[in-house]
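Data block below; observations after.
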Amino acid sequence: MKRKLGLLLPLSSLFFLSYLLPPISSLSAAFAEGATLKDVPPFPQGTVLFESERKFGERGRFGGYAMKPSKYGVFPDGKMKRPGSSSDPIYIRYRKEKNPSFCGAYVLVLGDLSRYATLTFWIKGAKGGETFEIGINDVISNKREDAVIIGSIYRYLSAGVTTEWQQVKIPLEDFFGTDLNRIYSIVFNFNEQGEGIFWIDGLEFHEEAMVHSEDAITAQGALLLDNFDHSDVNLLGRKANAYKRLPSVCEFTRAEEPRRGSHGRSLQLDYDKKSTGWCGYYSLLNQIDGAYFDLNPYKEVSFWVRGAKGGEMFEVGMADRSWLTIGDSVKAGAVDKYLPQGVTTDWQEVVIPLSDFGKLDWGQMGSFTINFHQAGAGTLFVEDLRFIRKSDQDLLKEWDQ
Amino acid sequence: MRKRQMIGAFLFYSLFTTHCLLFAAPALVVDDFEEASNKLGGRSNTYVMAPSRSLALKAETGAHGGAKALMLKYDKKDKGGPYDSGGWCGYYTMVKTGPRYLDATPYKTLTFWVKGAAGGEDFVIGLADKHWEEVGDSVKSEAVTKYLSSGKVTTEWQQVRIPLSVFLLEMKELASIAFCFEGSVLPGGAGKGTVFIDDLALE
């Protein structure tokens with residue numbers, strides 16, 4: 001009996017011990033609250049690295065890249081402390097000259113991020129207004145030196161970098177197309193001419209989704225697809241570009257003047273439409289080879305427009321999955337249908353009911369287009385491309401019809 | 001000796017049950033319908049195939065908990081559409097976040113609160129794991145009224161509790177939860193109505 005009791009007591013002791021020690025599930029939860037770089041699991045077995053990647057690659061290492069005359073500087077800064085943090089923030093300085101010169105900074109991850117949903121870090125600028133694009137490299141894109149760029153820091157900090165510490169929260173799903181099992185580096189690419197200094201601290205990965213972008217869209221009553229301020233990808237992180245078929249041509253730039261508001265840029269389209277060929281500009285709503293965008297909750301598309309001379313003519317198109325597949329779009333009509341006085345040298349808002357685009361598959365939308373359909377050359381400026389949501393009253397009215 | 005055995009067994013049993021109670025997975029609130037996104041950060045929307053249709057709005061009065069509840073209007077037809085079966089309609093919420101599926105193995109029951117605008121409404125619950133998500137469908141429960149002690153949806157809030165075991169799924173990789181207005185649980189295979197849903201959770 002003593003022997004039996006002897007077996008029983010250690011068992012119960014184990015249960016007592018389990019009350020004193022944090023349960024494994026609690027430890028996992030704490031881990032999920034914010035894993036630092038050192039906590040990230042390593043690459044899966046069999047991950048192929050170049051010899052140079054193996055030798056150079058050290059997790060947590062910061063560095064940069066530049067093509068002269070652009071320059072960068074990156075180092076841990078013990079003099080700068082974030083309140084509540086014991087770590088040394090990373091000091092990043094850049095001077096970006098005219099294209100094609102470039103520069104950027106990176107932090108090496110060399111790990112498996114597939115279990116995480118959100119990337120967070122803290123940022124503070126020396127003057128405020130410092131800007132860069134955010135990208136990520138998996139072990140394949142790193143070999144191609146072609147990071148997946150998801151847009152400017154303004155996509156995640158609507159007021160931009162300031163002289164106060166701010167936490168940046170980025171859903172890892174925004175890095176569409178990367179192999180999250182094999183992440184080599186996180187990239188800060190200085191795409192805008194200028195210079196600046198900022199600090200990064202507290203880089204962490206979280207298992208919980210910390211960004212609910214749909215909440216902001218619902219609160220604002222509109223989806224801002226692009227303000228053209230800081231990045232060539234739109235604010236959904238999708239590709240946008242000019243299209244052309246010779247001899248017609250169209251080129252896009254983002255212009256500091258003219259623009260709406262006190263800062264940022266407008267989209268400048270320089271076009272020369274001939275009697276043959278075609279040209280224009282598109283902004284994607286879908287991820288390439290990924291999910292299409294559901295525009296069912298929206299009722300109108302809106303944007304602001306002005307011309308260099310006035311009288312510029314174009315038509316507006318939308319493409320769903322099928323139209324995107326054939327490389328065309330359904331046109332709502334020419335701009336003078338919505339601006340009776342036509343395009344002038346003043347900013348005017350164009351508002352087009354989505355119903356004017358006819359019977360598209362609104363749950364599977366692909367792109368918005370500006371198409372120059374009349375022969376002639378000119379320059380057009382576009383700002384603040386938005387989709388306006390239906391209100392509850394709109395939806396109920398639609399239901400009852 | 002028998003007394004000591006009984007004390008020992010009692011001690012073991014009480015410690016074990018206390019341990020289970022203390023360290024069972026807490027309930028996971030999937031959506032309290034207070035915000036546009038669900039509590040896991042997943043998107044939610046209606047799904048429709050014409051001529052059937054559905055509409056999801058947030059009801060700002062009469063919620064079960066908090067300020068808002070989900071209001072689902074449905075209009076399920078029995079003719080037209082693919083195979084002349086009237087199409088389909090319902091509402092889904094993603095529990096998958098980005099590429100990461102939800103590990104629902106710590107949970108045993110799907111719970112939510114329901115009431116109808118008129119009473120007598122019915123629907124089924126659909127759950128999809130990675131496989132079912134890939135084929136764009138879900139495994140359905142029985143009629144929701146089977147899980148209500150009153151046997152029917154009324155105009156008062158009632159809690160629905162559905163054992164996850166009724167869904168033959170890989171719970172380690174749960175993708176979505178759906179409210180499906182299936183013709184099989186509607187009189188004559190068609191029906192139109194409004195239901196309110198609140199506090200969707202896994203326990």
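Chains: A, B, ... in order of the structure tokens. Residues: from 1 per chain. Ligands: from 1, in order shown.
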
Could you please write out, as a ChimeraX atom specification, every residue of stretch 245-352 of chain A that DSSP assigns to strand (DSSP E)? /A:245,249-255,266-273,278-284,298-307,315-320,330-334,348-352

Give me, as CSV, the closest atom pair and its distance (Å, one decimal) for every residue of chain B within a cut-off of 6 Å of chain A, counting only C-alpha atoms, rows sorted by chain and rising number.
residue,atom,partner,partner_atom,distance
B:Ala36,CA,A:Asp215,CA,4.9
B:Ser37,CA,A:Glu214,CA,5.9
B:Gly41,CA,A:Ala209,CA,5.3
B:Gly98,CA,A:Glu173,CA,4.9

May I have the residues from that selection written out with C-alpha atoms, as a PDB file, in the first residue's frame?
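File result-v1.pdb, as written:
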ATOM      1  CA  ALA B  36     -16.529  45.806 -39.618  1.00  0.00           C
ATOM      2  CA  SER B  37     -13.846  43.111 -39.269  1.00  0.00           C
ATOM      3  CA  GLY B  41      -9.130  40.275 -38.240  1.00  0.00           C
ATOM      4  CA  GLY B  98      -3.945  35.849 -44.252  1.00  0.00           C
TER       5      GLY B  98
END

Shell around A:Glu315 at 12 Å using only C-alpha atoms, local window under 2 positions removed, as a PyMOL selection string: chain A and resi 279-281+312-313+317-318+329-339+342-343+350+352+357+368-374

Could you give me, as an MDAnalysis selection string, the residues within 8 Å of A:Leu380, counting only C-alpha atoms and dropping anything in the same chain fewer than 6 positions from it? chainID A and resid 268:270 305:308 312

Only C-alpha atoms, please: the residues just picked out, written as a compact mmCIF listing (two decimals), in the first residue's frame.
# COMPACT_ATOMS: atom_id res chain seq x y z
CA GLN A 268 0.60 63.17 -63.98
CA LEU A 269 -0.30 61.45 -67.24
CA ASP A 270 1.48 62.61 -70.40
CA VAL A 305 -8.88 65.93 -62.27
CA ARG A 306 -7.40 68.96 -64.04
CA GLY A 307 -5.53 69.46 -67.30
CA ALA A 308 -2.36 71.30 -68.25
CA GLU A 312 -8.20 67.11 -72.24

Neighbours of stretch 170-173 of chain B within 8 Å (only C-alpha atoms; same-chain residues fewer than 3 positions away dropped), as a PyMOL selection string? chain B and resi 101-105+129-130

Deliver the residues from the most recent selection as a file, using C-alpha atoms, as a JSON list (two decimals), in the first residue's frame.
[["chain", "number", "residue", "atom", "x", "y", "z"],
["B", 101, "TYR", "CA", -5.63, 28.87, -40.69],
["B", 102, "LEU", "CA", -7.22, 28.82, -37.24],
["B", 103, "ASP", "CA", -6.27, 25.90, -35.02],
["B", 104, "ALA", "CA", -9.71, 25.10, -33.55],
["B", 105, "THR", "CA", -8.61, 21.87, -31.86],
["B", 129, "ASP", "CA", -11.32, 23.81, -43.40],
["B", 130, "LYS", "CA", -8.44, 24.26, -45.83]]

Within 12 Å of A:Ser70, counting only C-alpha atoms, which residues show up once you throw out same-chain ones fewer than 5 positions away? Write them as a PyMOL selection string, please. chain A and resi 64-65+93-104+189-195

Using only N, CA and C atoms, please write the residues we just selected to a file, as a PDB file, in the first residue's frame.
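Final output, part23.pdb:
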ATOM      1  N   GLY A  64      22.673  48.362 -45.527  1.00  0.00           N
ATOM      2  CA  GLY A  64      22.047  49.172 -46.557  1.00  0.00           C
ATOM      3  C   GLY A  64      22.638  48.909 -47.917  1.00  0.00           C
ATOM      4  N   TYR A  65      22.090  49.587 -48.904  1.00  0.00           N
ATOM      5  CA  TYR A  65      22.577  49.454 -50.273  1.00  0.00           C
ATOM      6  C   TYR A  65      22.395  50.809 -50.947  1.00  0.00           C
ATOM      7  N   ARG A  93      20.046  56.742 -41.871  1.00  0.00           N
ATOM      8  CA  ARG A  93      20.153  58.033 -42.565  1.00  0.00           C
ATOM      9  C   ARG A  93      20.227  57.762 -44.066  1.00  0.00           C
ATOM     10  N   TYR A  94      19.597  58.614 -44.845  1.00  0.00           N
ATOM     11  CA  TYR A  94      19.632  58.398 -46.296  1.00  0.00           C
ATOM     12  C   TYR A  94      19.717  59.721 -47.026  1.00  0.00           C
ATOM     13  N   ARG A  95      20.312  59.670 -48.187  1.00  0.00           N
ATOM     14  CA  ARG A  95      20.240  60.793 -49.138  1.00  0.00           C
ATOM     15  C   ARG A  95      19.973  60.179 -50.505  1.00  0.00           C
ATOM     16  N   LYS A  96      18.756  60.356 -50.962  1.00  0.00           N
ATOM     17  CA  LYS A  96      18.343  59.753 -52.236  1.00  0.00           C
ATOM     18  C   LYS A  96      18.432  60.831 -53.313  1.00  0.00           C
ATOM     19  N   GLU A  97      19.268  60.537 -54.311  1.00  0.00           N
ATOM     20  CA  GLU A  97      19.430  61.468 -55.432  1.00  0.00           C
ATOM     21  C   GLU A  97      18.476  61.068 -56.554  1.00  0.00           C
ATOM     22  N   LYS A  98      18.549  61.794 -57.677  1.00  0.00           N
ATOM     23  CA  LYS A  98      17.652  61.544 -58.801  1.00  0.00           C
ATOM     24  C   LYS A  98      17.784  60.118 -59.323  1.00  0.00           C
ATOM     25  N   ASN A  99      16.704  59.594 -59.846  1.00  0.00           N
ATOM     26  CA  ASN A  99      16.762  58.279 -60.500  1.00  0.00           C
ATOM     27  C   ASN A  99      17.758  58.348 -61.648  1.00  0.00           C
ATOM     28  N   PRO A 100      18.421  57.280 -61.996  1.00  0.00           N
ATOM     29  CA  PRO A 100      18.226  55.914 -61.503  1.00  0.00           C
ATOM     30  C   PRO A 100      19.003  55.592 -60.236  1.00  0.00           C
ATOM     31  N   SER A 101      19.690  56.578 -59.658  1.00  0.00           N
ATOM     32  CA  SER A 101      20.406  56.321 -58.412  1.00  0.00           C
ATOM     33  C   SER A 101      19.406  55.881 -57.331  1.00  0.00           C
ATOM     34  N   PHE A 102      19.814  54.963 -56.464  1.00  0.00           N
ATOM     35  CA  PHE A 102      18.886  54.461 -55.446  1.00  0.00           C
ATOM     36  C   PHE A 102      19.622  54.175 -54.146  1.00  0.00           C
ATOM     37  N   CYS A 103      18.879  54.011 -53.071  1.00  0.00           N
ATOM     38  CA  CYS A 103      19.465  53.567 -51.801  1.00  0.00           C
ATOM     39  C   CYS A 103      18.380  53.003 -50.900  1.00  0.00           C
ATOM     40  N   GLY A 104      18.796  52.237 -49.911  1.00  0.00           N
ATOM     41  CA  GLY A 104      17.849  51.623 -48.988  1.00  0.00           C
ATOM     42  C   GLY A 104      18.562  51.000 -47.810  1.00  0.00           C
ATOM     43  N   ASN A 189      13.099  50.987 -48.516  1.00  0.00           N
ATOM     44  CA  ASN A 189      13.621  51.491 -49.792  1.00  0.00           C
ATOM     45  C   ASN A 189      13.299  52.981 -49.934  1.00  0.00           C
ATOM     46  N   PHE A 190      14.345  53.784 -50.110  1.00  0.00           N
ATOM     47  CA  PHE A 190      14.146  55.248 -50.199  1.00  0.00           C
ATOM     48  C   PHE A 190      13.858  55.614 -51.647  1.00  0.00           C
ATOM     49  N   ASN A 191      12.587  55.712 -51.959  1.00  0.00           N
ATOM     50  CA  ASN A 191      12.178  55.901 -53.359  1.00  0.00           C
ATOM     51  C   ASN A 191      11.977  57.363 -53.726  1.00  0.00           C
ATOM     52  N   GLU A 192      11.982  58.253 -52.752  1.00  0.00           N
ATOM     53  CA  GLU A 192      11.747  59.671 -53.049  1.00  0.00           C
ATOM     54  C   GLU A 192      13.021  60.468 -52.864  1.00  0.00           C
ATOM     55  N   GLN A 193      13.277  61.335 -53.829  1.00  0.00           N
ATOM     56  CA  GLN A 193      14.466  62.164 -53.770  1.00  0.00           C
ATOM     57  C   GLN A 193      14.426  63.018 -52.498  1.00  0.00           C
ATOM     58  N   GLY A 194      15.551  63.069 -51.785  1.00  0.00           N
ATOM     59  CA  GLY A 194      15.601  63.855 -50.554  1.00  0.00           C
ATOM     60  C   GLY A 194      16.451  63.147 -49.527  1.00  0.00           C
ATOM     61  N   GLU A 195      16.532  63.720 -48.338  1.00  0.00           N
ATOM     62  CA  GLU A 195      17.330  63.073 -47.305  1.00  0.00           C
ATOM     63  C   GLU A 195      16.607  63.106 -45.971  1.00  0.00           C
TER      64      GLU A 195
END

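Between atom CA of B:Lys96 and atom CA of A:Leu324 there is a distance of 27.3 Å.
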
What lies within 12 Å of stretch 381-383 of chain A using only C-alpha atoms, ignoring chain neighbours under 6 positions off, as number ranges by chain? A: 224-229, 251-261, 264-271, 281, 302-310, 312-314, 343-350, 369-370

Could the residues in this selection be written to a file with C-alpha atoms, as a short mmCIF file (atom, residue, chain, number, x, y, z; two decimals), in the first residue's frame?
data_model
loop_
_atom_site.label_atom_id
_atom_site.label_comp_id
_atom_site.auth_asym_id
_atom_site.auth_seq_id
_atom_site.Cartn_x
_atom_site.Cartn_y
_atom_site.Cartn_z
CA LEU A 224 -8.98 55.58 -50.84
CA LEU A 225 -7.40 53.53 -53.62
CA ASP A 226 -4.63 56.04 -54.28
CA ASN A 227 -3.58 59.56 -53.39
CA PHE A 228 -0.44 59.23 -55.55
CA ASP A 229 1.61 60.86 -52.77
CA GLU A 251 3.75 57.89 -69.40
CA PHE A 252 3.01 58.48 -65.74
CA THR A 253 4.90 60.36 -63.05
CA ARG A 254 3.88 61.62 -59.64
CA ALA A 255 4.06 65.41 -59.69
CA GLU A 256 4.65 67.74 -56.74
CA GLU A 257 2.75 70.49 -58.61
CA PRO A 258 -0.09 70.82 -59.21
CA ARG A 259 -1.59 68.88 -56.31
CA ARG A 260 -4.55 69.08 -53.98
CA GLY A 261 -3.69 69.84 -50.37
CA GLY A 264 2.05 65.00 -51.44
CA ARG A 265 1.77 64.58 -55.17
CA SER A 266 -0.73 64.13 -57.98
CA LEU A 267 -0.69 61.59 -60.77
CA GLN A 268 0.60 63.17 -63.98
CA LEU A 269 -0.30 61.45 -67.24
CA ASP A 270 1.48 62.61 -70.40
CA TYR A 271 -0.28 61.05 -73.37
CA TYR A 281 -3.38 54.23 -67.02
CA SER A 302 -14.64 59.45 -57.37
CA PHE A 303 -11.45 61.28 -58.32
CA TRP A 304 -10.22 64.82 -58.93
CA VAL A 305 -8.88 65.93 -62.27
CA ARG A 306 -7.40 68.96 -64.04
CA GLY A 307 -5.53 69.46 -67.30
CA ALA A 308 -2.36 71.30 -68.25
CA LYS A 309 -4.32 73.32 -70.82
CA GLY A 310 -7.95 72.34 -70.33
CA GLU A 312 -8.20 67.11 -72.24
CA MET A 313 -10.46 64.17 -73.03
CA PHE A 314 -10.52 60.62 -71.66
CA VAL A 343 -11.62 69.21 -68.00
CA THR A 344 -10.25 72.66 -67.11
CA THR A 345 -7.06 73.89 -65.47
CA ASP A 346 -8.83 73.86 -62.08
CA TRP A 347 -9.35 70.79 -59.95
CA GLN A 348 -12.83 69.27 -60.40
CA GLU A 349 -14.27 66.14 -58.81
CA VAL A 350 -15.58 63.42 -61.09
CA THR A 369 -8.62 52.63 -65.90
CA ILE A 370 -8.25 56.06 -67.49
#

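Here the DSSP assignment of alpha helix (DSSP H), based on backbone atoms, applies within stretch 1-200 of chain B to B:Arg2, B:Lys3, B:Arg4, B:Gln5, B:Met6, B:Ile7, B:Gly8, B:Ala9, B:Phe10, B:Leu11, B:Phe12, B:Tyr13, B:Ser14, B:Leu15, B:Phe16, B:Thr17, B:Thr18, B:His19, B:Cys20, B:Leu21, B:Leu22, B:Phe23, B:Lys130, B:His131, B:Trp132, B:Glu133, B:Glu134.
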
So which one's closest to A:Ile170, A:Ser185, A:Thr276, A:Ser152, A:Gln364? Using only C-alpha atoms, please. A:Ser152
